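Below: the structure, in structure tokens.
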Amino acid sequence: QQQQQQQQVLISGSRDHSIKVWSMEGGRDLQCTLHPPHYDGVQSFAVAGGSLFSGSRDKSIKKWQLGSAWKMQLAVNNAHTDWVSSMVNMNHNTIVSGGRDGSVKLWDSSSGAAIGETLAHRGSSVNSVVYNRINDVIYTASSDRTIKVWRVKPGTMADAETTTV
């Protein structure tokens, strides 16, 4: 049985709309630039299974095949009504995104279909989303100076607790 060697890479997103894959082996050379690019700056990434998800100021989320091909598999245009500011892999089936529009959305990582959403921070940007696997909760941090904790139920998110910092 032949064992595949995993390559060590660094992935960067930029305000020039590009996503670049850098080899971390040897000289840290540019391996490739992913195409087609986003239409505005790249703000966030999440990895789930064999896929990379990118979120952008163009309000879209793109799914890319990890590995030697690096092909775009799907694009969700207008995923949010403003920038996609943060993303996290909740499990291999679900991606969570936070937007500058104050919303948090759940996405099926295979099809790109929206499977849940809530207006997490009314009138303020969601700057960060984090998933805690042990407690099965999502944390959101916002420009409104609050951190919220969300319990996920199938297709919905229920507000569990709010902490002001």
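Letters for chains follow the order of the structure tokens (A, B, ...), residue numbers begin at 1 for each chain, and ligand numbers begin at 1 in the order shown.
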- request: Quick one: everything within 7 Å of Arg100 of chain A, counting only C-alpha atoms, minus sequence neighbours fewer than 4 positions away in the same chain. Send it as an MDAnalysis selection string.
  value: chainID A and resid 82:85 124:126
message: What's around Leu106 of chain A at 7 Å? Count only C-alpha atoms, leave out sequence neighbours fewer than 3 positions away in its own chain, and write the answer as a list in words.
response: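 That gives Thr94, Ile95, Val96, Ser97, Ala114, Ile115, Gly116 and Glu117 of chain A.
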Just-selected residues, C-alpha atoms written as a compact mmCIF listing (two decimals), in the first residue's frame:
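Heads up, here's the output in selection-v4.txt:
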# COMPACT_ATOMS: atom_id res chain seq x y z
CA THR A 94 -20.69 22.40 8.29
CA ILE A 95 -18.87 25.70 7.82
CA VAL A 96 -19.77 28.73 9.95
CA SER A 97 -19.33 32.26 8.56
CA ALA A 114 -27.31 27.67 3.65
CA ILE A 115 -28.60 25.50 6.53
CA GLY A 116 -29.04 28.06 9.31
CA GLU A 117 -28.52 31.70 10.17
- prompt: Which residue, A:Gln31, A:Met87, A:Ser23, A:Ala69, has the smallest gap to Ser54 of chain A when you use only C-alpha atoms?
  reply: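 Of A:Gln31, A:Met87, A:Ser23, A:Ala69, the one nearest Ser54 of chain A, counting only C-alpha atoms, is A:Met87.
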query: Could you pull the residues within 12 Å of segment 131-134 of chain A, counting only C-alpha atoms, minus those fewer than 6 positions along the same chain, as a list of chain:residue names?
result: A:Ala46, A:Ser86, A:Met87, A:Val88, A:Asn89, A:Met90, A:Asn91, A:His92, A:Thr94, A:Ile95, A:Val96, A:Ser97, A:Gly98, A:Leu106, A:Thr140, A:Ala141, A:Lys148, A:Val149, A:Trp150, A:Arg151, A:Val152
Using N, CA and C atoms, can you write the selected residues to a file as a PDB file, in the first residue's frame?
ATOM      1  N   ALA A  46     -11.293  28.765   6.022  1.00  0.00           N
ATOM      2  CA  ALA A  46     -11.609  27.604   6.858  1.00  0.00           C
ATOM      3  C   ALA A  46     -11.257  26.368   6.043  1.00  0.00           C
ATOM      4  N   SER A  86     -15.213  36.321   8.795  1.00  0.00           N
ATOM      5  CA  SER A  86     -14.618  35.231   9.561  1.00  0.00           C
ATOM      6  C   SER A  86     -15.307  33.918   9.206  1.00  0.00           C
ATOM      7  N   MET A  87     -14.536  32.820   9.254  1.00  0.00           N
ATOM      8  CA  MET A  87     -15.103  31.497   8.985  1.00  0.00           C
ATOM      9  C   MET A  87     -14.404  30.467   9.854  1.00  0.00           C
ATOM     10  N   VAL A  88     -15.138  29.380  10.142  1.00  0.00           N
ATOM     11  CA  VAL A  88     -14.566  28.281  10.905  1.00  0.00           C
ATOM     12  C   VAL A  88     -15.247  26.978  10.477  1.00  0.00           C
ATOM     13  N   ASN A  89     -14.508  25.891  10.558  1.00  0.00           N
ATOM     14  CA  ASN A  89     -15.034  24.562  10.295  1.00  0.00           C
ATOM     15  C   ASN A  89     -15.688  24.067  11.580  1.00  0.00           C
ATOM     16  N   MET A  90     -17.001  23.868  11.541  1.00  0.00           N
ATOM     17  CA  MET A  90     -17.708  23.365  12.718  1.00  0.00           C
ATOM     18  C   MET A  90     -17.539  21.854  12.826  1.00  0.00           C
ATOM     19  N   ASN A  91     -17.649  21.184  11.719  1.00  0.00           N
ATOM     20  CA  ASN A  91     -17.365  19.751  11.596  1.00  0.00           C
ATOM     21  C   ASN A  91     -17.134  19.533  10.107  1.00  0.00           C
ATOM     22  N   HIS A  92     -16.882  18.356   9.688  1.00  0.00           N
ATOM     23  CA  HIS A  92     -16.567  18.167   8.266  1.00  0.00           C
ATOM     24  C   HIS A  92     -17.765  18.402   7.355  1.00  0.00           C
ATOM     25  N   THR A  94     -20.151  21.054   8.095  1.00  0.00           N
ATOM     26  CA  THR A  94     -20.692  22.400   8.288  1.00  0.00           C
ATOM     27  C   THR A  94     -19.593  23.440   8.446  1.00  0.00           C
ATOM     28  N   ILE A  95     -19.734  24.532   7.700  1.00  0.00           N
ATOM     29  CA  ILE A  95     -18.865  25.702   7.820  1.00  0.00           C
ATOM     30  C   ILE A  95     -19.704  26.812   8.435  1.00  0.00           C
ATOM     31  N   VAL A  96     -19.107  27.588   9.336  1.00  0.00           N
ATOM     32  CA  VAL A  96     -19.771  28.733   9.953  1.00  0.00           C
ATOM     33  C   VAL A  96     -19.094  29.996   9.432  1.00  0.00           C
ATOM     34  N   SER A  97     -19.894  30.976   9.006  1.00  0.00           N
ATOM     35  CA  SER A  97     -19.329  32.256   8.562  1.00  0.00           C
ATOM     36  C   SER A  97     -19.948  33.397   9.355  1.00  0.00           C
ATOM     37  N   GLY A  98     -19.138  34.407   9.597  1.00  0.00           N
ATOM     38  CA  GLY A  98     -19.602  35.635  10.230  1.00  0.00           C
ATOM     39  C   GLY A  98     -19.376  36.779   9.273  1.00  0.00           C
ATOM     40  N   LEU A 106     -24.681  29.163   8.797  1.00  0.00           N
ATOM     41  CA  LEU A 106     -24.199  27.794   8.722  1.00  0.00           C
ATOM     42  C   LEU A 106     -24.354  27.316   7.281  1.00  0.00           C
ATOM     43  N   THR A 140     -19.030  34.140  19.015  1.00  0.00           N
ATOM     44  CA  THR A 140     -18.871  35.247  18.077  1.00  0.00           C
ATOM     45  C   THR A 140     -18.357  36.458  18.837  1.00  0.00           C
ATOM     46  N   ALA A 141     -17.456  37.191  18.212  1.00  0.00           N
ATOM     47  CA  ALA A 141     -16.937  38.436  18.780  1.00  0.00           C
ATOM     48  C   ALA A 141     -17.251  39.548  17.794  1.00  0.00           C
ATOM     49  N   LYS A 148     -20.669  36.515  22.111  1.00  0.00           N
ATOM     50  CA  LYS A 148     -21.881  35.721  22.299  1.00  0.00           C
ATOM     51  C   LYS A 148     -21.568  34.246  22.117  1.00  0.00           C
ATOM     52  N   VAL A 149     -22.303  33.434  22.859  1.00  0.00           N
ATOM     53  CA  VAL A 149     -22.158  31.993  22.806  1.00  0.00           C
ATOM     54  C   VAL A 149     -23.458  31.433  22.242  1.00  0.00           C
ATOM     55  N   TRP A 150     -23.350  30.602  21.217  1.00  0.00           N
ATOM     56  CA  TRP A 150     -24.515  30.085  20.505  1.00  0.00           C
ATOM     57  C   TRP A 150     -24.538  28.574  20.559  1.00  0.00           C
ATOM     58  N   ARG A 151     -25.671  28.006  20.906  1.00  0.00           N
ATOM     59  CA  ARG A 151     -25.876  26.562  20.819  1.00  0.00           C
ATOM     60  C   ARG A 151     -26.554  26.287  19.471  1.00  0.00           C
ATOM     61  N   VAL A 152     -26.064  25.304  18.785  1.00  0.00           N
ATOM     62  CA  VAL A 152     -26.590  24.986  17.463  1.00  0.00           C
ATOM     63  C   VAL A 152     -27.592  23.853  17.576  1.00  0.00           C
TER      64      VAL A 152
END
task: Go ahead and compute the interatomic distance for atom CA of Ser44 of chain A and atom CA of Leu30 of chain A, in Å to one decimal.
output: 19.6 Å
Proximity to Leu34 of chain A - best of A:Ser103, A:Asn135, A:Gln73, A:Gln8, only C-alpha atoms: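 Closest to Leu34 of chain A, using only C-alpha atoms: A:Gln73.
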Write out as a PDB file with N, CA, C and O atoms, in the first residue's frame the residues lying within 10 Å of Ser12 of chain A, counting only C-alpha atoms and excluding same-chain residues fewer than 4 positions away.
ATOM      1  N   SER A  18      -6.350  38.047  -4.411  1.00  0.00           N
ATOM      2  CA  SER A  18      -5.746  36.756  -4.709  1.00  0.00           C
ATOM      3  C   SER A  18      -5.638  35.845  -3.482  1.00  0.00           C
ATOM      4  O   SER A  18      -5.618  36.304  -2.345  1.00  0.00           O
ATOM      5  N   ILE A  19      -5.570  34.544  -3.780  1.00  0.00           N
ATOM      6  CA  ILE A  19      -5.254  33.514  -2.800  1.00  0.00           C
ATOM      7  C   ILE A  19      -4.024  32.807  -3.340  1.00  0.00           C
ATOM      8  O   ILE A  19      -4.026  32.320  -4.477  1.00  0.00           O
ATOM      9  N   LYS A  20      -2.969  32.778  -2.526  1.00  0.00           N
ATOM     10  CA  LYS A  20      -1.715  32.162  -2.960  1.00  0.00           C
ATOM     11  C   LYS A  20      -1.369  31.000  -2.053  1.00  0.00           C
ATOM     12  O   LYS A  20      -1.604  31.042  -0.847  1.00  0.00           O
ATOM     13  N   VAL A  21      -0.808  29.960  -2.669  1.00  0.00           N
ATOM     14  CA  VAL A  21      -0.371  28.773  -1.955  1.00  0.00           C
ATOM     15  C   VAL A  21       1.155  28.752  -2.011  1.00  0.00           C
ATOM     16  O   VAL A  21       1.741  28.788  -3.092  1.00  0.00           O
ATOM     17  N   TRP A  22       1.751  28.722  -0.812  1.00  0.00           N
ATOM     18  CA  TRP A  22       3.207  28.773  -0.685  1.00  0.00           C
ATOM     19  C   TRP A  22       3.708  27.426  -0.182  1.00  0.00           C
ATOM     20  O   TRP A  22       3.157  26.863   0.756  1.00  0.00           O
ATOM     21  N   THR A  33      -1.221  30.367  -7.602  1.00  0.00           N
ATOM     22  CA  THR A  33      -2.241  31.356  -7.284  1.00  0.00           C
ATOM     23  C   THR A  33      -3.565  30.775  -7.748  1.00  0.00           C
ATOM     24  O   THR A  33      -3.679  30.301  -8.882  1.00  0.00           O
ATOM     25  N   VAL A  42      -9.578  39.236   0.186  1.00  0.00           N
ATOM     26  CA  VAL A  42      -9.856  37.975   0.864  1.00  0.00           C
ATOM     27  C   VAL A  42      -9.675  38.191   2.360  1.00  0.00           C
ATOM     28  O   VAL A  42      -8.632  38.646   2.806  1.00  0.00           O
ATOM     29  N   GLN A  43     -10.704  37.885   3.148  1.00  0.00           N
ATOM     30  CA  GLN A  43     -10.732  38.174   4.580  1.00  0.00           C
ATOM     31  C   GLN A  43     -10.549  36.956   5.470  1.00  0.00           C
ATOM     32  O   GLN A  43     -10.094  37.088   6.597  1.00  0.00           O
ATOM     33  N   SER A  44     -10.965  35.756   5.016  1.00  0.00           N
ATOM     34  CA  SER A  44     -11.009  34.618   5.937  1.00  0.00           C
ATOM     35  C   SER A  44     -10.881  33.291   5.202  1.00  0.00           C
ATOM     36  O   SER A  44     -11.163  33.196   4.007  1.00  0.00           O
ATOM     37  N   PHE A  45     -10.458  32.273   5.994  1.00  0.00           N
ATOM     38  CA  PHE A  45     -10.322  30.913   5.487  1.00  0.00           C
ATOM     39  C   PHE A  45     -10.863  29.928   6.514  1.00  0.00           C
ATOM     40  O   PHE A  45     -10.843  30.187   7.718  1.00  0.00           O
TER      41      PHE A  45
END
Sel. of strand (DSSP E or B) residues, segment 101-145 of chain A, as a VMD selection string: chain A and resid 103 to 108 114 to 119 126 to 132 137 to 142
Export of prior selection with N, CA and C atoms as a compact mmCIF listing (two decimals), in the first residue's frame:
# COMPACT_ATOMS: atom_id res chain seq x y z
N SER A 103 -24.42 39.09 10.76
CA SER A 103 -25.04 37.76 10.73
C SER A 103 -24.00 36.65 10.88
N VAL A 104 -24.49 35.50 11.35
CA VAL A 104 -23.72 34.26 11.40
C VAL A 104 -24.53 33.24 10.62
N LYS A 105 -23.87 32.52 9.72
CA LYS A 105 -24.56 31.55 8.88
C LYS A 105 -23.87 30.20 8.92
N LEU A 106 -24.68 29.16 8.80
CA LEU A 106 -24.20 27.79 8.72
C LEU A 106 -24.35 27.32 7.28
N TRP A 107 -23.33 26.63 6.77
CA TRP A 107 -23.30 26.19 5.38
C TRP A 107 -23.00 24.70 5.31
N ASP A 108 -23.69 23.99 4.43
CA ASP A 108 -23.35 22.61 4.14
C ASP A 108 -22.04 22.63 3.35
N ALA A 114 -27.13 27.08 2.33
CA ALA A 114 -27.31 27.67 3.65
C ALA A 114 -28.21 26.74 4.46
N ILE A 115 -27.80 26.41 5.70
CA ILE A 115 -28.60 25.50 6.53
C ILE A 115 -29.01 26.12 7.86
N GLY A 116 -28.64 27.37 8.09
CA GLY A 116 -29.04 28.06 9.31
C GLY A 116 -28.42 29.45 9.34
N GLU A 117 -29.09 30.36 10.03
CA GLU A 117 -28.52 31.70 10.17
C GLU A 117 -29.22 32.44 11.30
N THR A 118 -28.53 33.46 11.79
CA THR A 118 -29.11 34.35 12.79
C THR A 118 -28.44 35.71 12.67
N LEU A 119 -29.17 36.74 13.04
CA LEU A 119 -28.58 38.07 13.13
C LEU A 119 -27.94 38.13 14.51
N VAL A 126 -19.54 41.04 12.75
CA VAL A 126 -19.01 39.85 13.42
C VAL A 126 -17.55 39.75 12.98
N ASN A 127 -16.63 39.98 13.91
CA ASN A 127 -15.21 40.00 13.58
C ASN A 127 -14.56 38.63 13.67
N SER A 128 -15.13 37.75 14.48
CA SER A 128 -14.53 36.43 14.64
C SER A 128 -15.60 35.41 15.02
N VAL A 129 -15.48 34.20 14.46
CA VAL A 129 -16.29 33.06 14.87
C VAL A 129 -15.35 31.93 15.23
N VAL A 130 -15.65 31.26 16.34
CA VAL A 130 -14.85 30.14 16.83
C VAL A 130 -15.81 29.02 17.21
N TYR A 131 -15.44 27.80 16.90
CA TYR A 131 -16.27 26.66 17.28
C TYR A 131 -15.56 25.86 18.37
N ASN A 132 -16.28 25.56 19.44
CA ASN A 132 -15.76 24.74 20.54
C ASN A 132 -16.37 23.35 20.40
N VAL A 137 -20.53 24.55 20.90
CA VAL A 137 -21.04 25.92 20.83
C VAL A 137 -20.18 26.75 19.89
N ILE A 138 -20.78 27.82 19.38
CA ILE A 138 -20.09 28.78 18.53
C ILE A 138 -19.95 30.07 19.33
N TYR A 139 -18.76 30.65 19.31
CA TYR A 139 -18.51 31.94 19.93
C TYR A 139 -18.40 32.99 18.82
N THR A 140 -19.03 34.14 19.01
CA THR A 140 -18.87 35.25 18.08
C THR A 140 -18.36 36.46 18.84
N ALA A 141 -17.46 37.19 18.21
CA ALA A 141 -16.94 38.44 18.78
C ALA A 141 -17.25 39.55 17.79
N SER A 142 -17.65 40.70 18.33
CA SER A 142 -18.17 41.76 17.48
C SER A 142 -17.59 43.12 17.82
- request: Tell me which of A:Gly41, A:Gly123, A:Gly26, A:Gly49 sits closest to Ser14 of chain A, counting only C-alpha atoms.
  value: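 Residue with the minimum atom-to-atom distance to Ser14 of chain A: A:Gly41.
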field: Spatial neighbours of Asn78 of chain A, 8 Å, only C-alpha atoms, chain gap at least 4 places, as an MDAnalysis selection string
entry: chainID A and resid 58:60
Can you write just those residues out, N, CA and C atoms, as a tab-separated table (two decimals), in the first residue's frame?
chain	number	residue	atom	x	y	z
A	58	ASP	N	-16.03	40.70	-1.20
A	58	ASP	CA	-17.02	40.68	-2.29
A	58	ASP	C	-18.30	39.96	-1.89
A	59	LYS	N	-18.40	39.58	-0.59
A	59	LYS	CA	-19.59	38.96	0.01
A	59	LYS	C	-19.74	37.49	-0.35
A	60	SER	N	-18.74	36.90	-1.00
A	60	SER	CA	-18.86	35.51	-1.45
A	60	SER	C	-18.00	34.57	-0.61
